[in-house]
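As structure tokens, the structure follows; a few thoughts come after it.
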Number of protein chains: 2
Amino acid sequence: MSAVTNRRVTIKQVAKEAGVSTQTVSRVVNERTDVATETRQRVLTVIERLGYQPNAIARSLIQRRSFTLGVVTAGLDYVGPSRTLNGITSNAEVLGYTLVLKELREFSGYDINRILDDLLARQVDGIIWAVTEMGDNRDGFAERLSTLPVPVVFLTMRDRPGLNIVTVDNRLGGRLATQHLLDLGHKVIGHISGPRDWWEARRRKQAWCLALDEAGLTDGDELCVEGNWSSESGGQAIAKLLGRRPDISAVFVGNDQMALGVLLYAHENNLRVPQHLAIVGFDGIPEAEYFWPPLATIEQDQHELGCVAVSELVEIIEARNTESAIEEPKTIRLQPKLIPRASSVSTLSNNHQQ
Amino acid sequence: MSAVTNRRVTIKQVAKEAGVSTQTVSRVVNERTDVATETRQRVLTVIERLGYQPNAIARSLIQRRSFTLGVVTAGLDYVGPSRTLNGITSNAEVLGYTLVLKELREFSGYDINRILDDLLARQVDGIIWAVTEMGDNRDGFAERLSTLPVPVVFLTMRDRPGLNIVTVDNRLGGRLATQHLLDLGHKVIGHISGPRDWWEARRRKQAWCLALDEAGLTDGDELCVEGNWSSESGGQAIAKLLGRRPDISAVFVGNDQMALGVLLYAHENNLRVPQHLAIVGFDGIPEAEYFWPPLATIEQDQHELGCVAVSELVEIIEARNTESAIEEPKTIRLQPKLIPRASSVSTLSNNHQQ
DNA sequence: ATGAAAGCGCTAACAC
DNA sequence: GTGTTAGCGCTTTCAT
């Protein structure tokens, strides 16, 4: 059934055993039609007997095509990035590509060129840059990108002409959250944002600002405190916020973890949610549904994000190969959606606060 | 600075430009000492100018060594597996190996041989099988393993002679949790287990059984209900358990998500935690600290699990290469630890629930 | 210190 | 239908 030796079986050995040329074996393996049925059968038998397995590396070398995608990620110990990777792996599998994975230790401050060179040395057919935009971690791409021999798809970053980008629409998410609270009748709505050097955090905050503006409720920066995505920072932020403005009746929190910190603060201070403080988070982590009370949130489909990125990248790769006109780079924006739950809407009496 | 063409630069072009043989370029690239300083300088200049990048694939082909590790994982959308992958990536980076990643859609029922063949075709130097043991998903390895040309390290599975295994000691974890509750004076301690076809779930349950036995508190299976790791199943399980045995005063829950479901049930039914029901979870997810009340749990270092797996695998690979005696396969067991919090010990919390 | 030749395992291109 | 030749980009071996 399978090989008995530890040395890998090559096409030559198969050819010799079957009494044909390596070419013929190659044809059989690649399911070409121009092989006599009888010959094919004989070769297949030998392949089976020796446990022959074509060497994908040798194949890549001559075909200048590895059917391999490079994936650069960061923060796999967080829910978002790992779900995205999940989407990437499943779609890559479907489309017949293997993944080479690089994880950055930090979200910024690394050497982009080293990473790219590493991936390119391995002859990947394309690259998915799945690290979220923050600080200046997109600098240095501009110069390099034009000379790259393979296409790159970026995840979660702001529009830049000439780049392929797939991202969740954070503006829309922030608007949905804020509008939801406005619709519930809240007049003083605070915001706990993620770190300001994160692009996603800024977009969510902007949307909150804008929605308040439009409702004629502008209050300046007094109503916003910056957290660092952690539950701990969420608790600290809400304390600060309520210290400043005790009249806050609702808060849009930049992610579910910080919202969890807000919930804990509320419990410890006998603040009833949502009667005294309505809360909407962001992300849609599975646990949120079981928080006490269950947390209203903006759900973003990070799995889908990864899937779409792979589809896009593969499409570009195949287009290049068939010499068809190169597509214009574009930005794809996925739509998050509001999940109302008991932390925003009192379940006992509809839309009732206080 | 970097290449101007889209065609990748080869060693030949560099050689030609520098007026030397490809040999010499190879020597320079591989930092051999037997090159005249002057020649080296000239070659380096050309390399820089053309943006030459050695083709790792061609190198692998001739060296029969890819410096690549195959990683097979499943359930990346869960915290555990993604943290483990996080550990794997970081240590692989340190040790100079690139990762080829395969994610299985299911935890069992796939074709092991297809996955292995795929990885082997890509000439990986070793494989980390990071899929947790469940059902019969370890069947089919036995026959295949002996003929594999590369070593394999398995994660999270029971002892099997002849295999390299790295795992968290679930027995110890279960014991720590149960003993903690016993020490607090509880006499009727329930258990909500993970699905019985998961090896980890069975071990945790066994440890709970054993600890009760030793304390002379055996109650048979009446005190255990099986969940499916989800928060929802945790809520259902505790309802069932308390329906059967209202005298239960403490419960050891198989993971933190299910424990969250138990907490929600407690809130909804005005059960005070830990006064009416003490709870200990398992995993140590970061959110647990901010649950209400904060959840006592057994922390397992899944990141470390991945790190150790890589170290082991690389050690085996290098040992084989230097022809030194092949090490005996062994099992490495990492120790989880108890994190007591307000869900088990009331003195840690000065607040009341509403 | 440097180069020439051979070959890793495979397939493209062309013969017959 | 099938075999022969050549070569992908690199390193190994052996000359010089």
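Residue numbering restarts at 1 for every chain of the structure tokens, chains are lettered A, B, ... in their displayed order, and ligands are numbered from 1 as they appear.
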
Report as a PDB file with C-alpha atoms, in the first residue's frame all protein, DNA and RNA residues lying within 8 Å of DG9 of chain C, evaluated on only C-alpha atoms (C1' of nucleotides), omitting residues in the same chain fewer than 2 positions from it.
```
ATOM      1  CA  THR A  10      10.776   9.569  -7.241  1.00  0.00           C
ATOM      2  CA  ILE A  11       9.246   9.611 -10.653  1.00  0.00           C
ATOM      3  CA  ASN A  55       7.299  16.313  -5.218  1.00  0.00           C
ATOM      4  CA  ALA A  58      10.143  20.237  -7.906  1.00  0.00           C
ATOM      5  CA  ARG A  59       6.906  20.921  -9.683  1.00  0.00           C
TER       6      ARG A  59
ATOM      7  CA  LEU B  61      15.118  20.565  -3.823  1.00  0.00           C
TER       8      LEU B  61
END
```

**Request:** Identify all chain D residues at most 8 Å from chain B by counting only C-alpha atoms (C1' of nucleotides); ligands do not count. Present them as a PyMOL selection string.
**Result:** chain D and resi 9-11

**Request:** Could you superimpose chain B onto chain A using all C-alpha atoms, paired one by one in order, and tell me the resulting RMSD in Å?
**Result:**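 Here the C-alpha RMSD works out to 1.7 Å.
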
With the cut-off set at 6 Å and counting only C-alpha atoms, tabulate each residue of chain B with an atom at most that distance from an atom of chain A, showing the nearest atom pair and its distance in Å to one decimal, ordered by chain and increasing number, as a Markdown table.
```
| residue | atom | partner | partner_atom | distance |
| --- | --- | --- | --- | --- |
| B:Val4 | CA | A:Thr147 | CA | 5.9 |
| B:Asn6 | CA | A:Pro149 | CA | 4.8 |
| B:Asn55 | CA | A:Ala121 | CA | 5.0 |
| B:Ala56 | CA | A:Ala121 | CA | 5.1 |
| B:Ile57 | CA | A:Arg122 | CA | 5.9 |
| B:Leu76 | CA | A:Asn86 | CA | 5.6 |
| B:Asp77 | CA | A:Arg83 | CA | 4.9 |
| B:Ser82 | CA | A:Asp77 | CA | 6.0 |
| B:Arg83 | CA | A:Asp77 | CA | 4.8 |
| B:Asn86 | CA | A:Leu76 | CA | 5.6 |
| B:Leu99 | CA | A:Leu101 | CA | 5.5 |
| B:Val100 | CA | A:Val100 | CA | 4.6 |
| B:Leu101 | CA | A:Leu99 | CA | 5.5 |
| B:Ala121 | CA | A:Asn55 | CA | 5.0 |
| B:Arg122 | CA | A:Ala56 | CA | 5.2 |
| B:Thr147 | CA | A:Val4 | CA | 5.8 |
| B:Pro149 | CA | A:Asn6 | CA | 4.8 |
```

**Request:** Residues of chain C no more than 12 Å from chain A, counting only C-alpha atoms (C1' of nucleotides): send them over as a ChimeraX atom specification.
**Result:** /C:8-13

**Request:** Extract, using only C-alpha atoms (C1' of nucleotides), all DNA, RNA and protein residues at most 10 Å from DT13 of chain D, discarding same-chain residues fewer than 2 positions from it, and format them as a ChimeraX atom specification.
**Result:** /C:5-6 /D:11,15

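Across the model, the gap from atom CA of Asn170 of chain A to atom CA of Arg204 of chain A is 5.5 Å.
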
**One-decimal distance in Å that lies between atom CA of Val152 of chain A and atom CA of Arg320 of chain A** = 12.7 Å

Would you list the contacts of DT16 of chain D as a compact mmCIF listing (two decimals) with C-alpha atoms (C1' of nucleotides), in the first residue's frame, taking every protein, DNA or RNA residue within 12 Å and counting only C-alpha atoms (C1' of nucleotides), but skipping same-chain residues closer than 5 positions in sequence?
```
# COMPACT_ATOMS: atom_id res chain seq x y z
C1' DA C 1 40.10 31.27 -4.33
C1' DT C 2 37.35 30.11 -8.26
C1' DG C 3 35.02 27.46 -11.95
C1' DA C 4 32.95 23.40 -14.61
```

**Prompt:** Using only C-alpha atoms (C1' of nucleotides), which residues sit within 12 Å of Asn321 of chain B once same-chain residues fewer than 5 positions away are excluded, as a PyMOL selection string?
**Reply:** chain B and resi 63-65+125+150-151+314-316+326

**Request:** Using DSSP on the backbone, list every residue of segment 70-283 of chain B that comes out as strand (DSSP E or B), and give them as an NGL selection string.
**Result:** :B and (70-74 or 98-104 or 126-129 or 134 or 152-155 or 164-168 or 189-193 or 198 or 224-226 or 250-253 or 278-280 or 283)

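Residues of segment 132-188 of chain B that DSSP places in alpha helix (DSSP H), based on the backbone of this structure, are Phe141, Ala142, Glu143, Arg144, Leu145, Asn170, Arg171, Leu172, Gly173, Gly174, Arg175, Leu176, Ala177, Thr178, Gln179, His180, Leu181, Leu182 and Asp183 of chain B.
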
Compile the contact shell of Thr167 of chain B as a PDB file with C-alpha atoms, in the first residue's frame: residues with an atom at most 6 Å away, counting only C-alpha atoms (C1' of nucleotides), same-chain residues fewer than 5 positions apart removed.
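Done, and the output landed in part_26.pdb:
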```
ATOM      1  CA  LEU B 155      -0.665  17.532  20.723  1.00  0.00           C
ATOM      2  CA  THR B 156      -3.306  16.791  23.307  1.00  0.00           C
ATOM      3  CA  ARG B 333       2.928  16.910  30.175  1.00  0.00           C
TER       4      ARG B 333
END
```

**Prompt:** If you count only C-alpha atoms (C1' of nucleotides), which residues fall within 8 Å of Ala237 of chain B, apart from same-chain ones fewer than 5 positions away, as a list of chain:residue names?
**Reply:**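 The neighbour list is B:Ile192, B:Val225, B:Glu226, B:Gly227.
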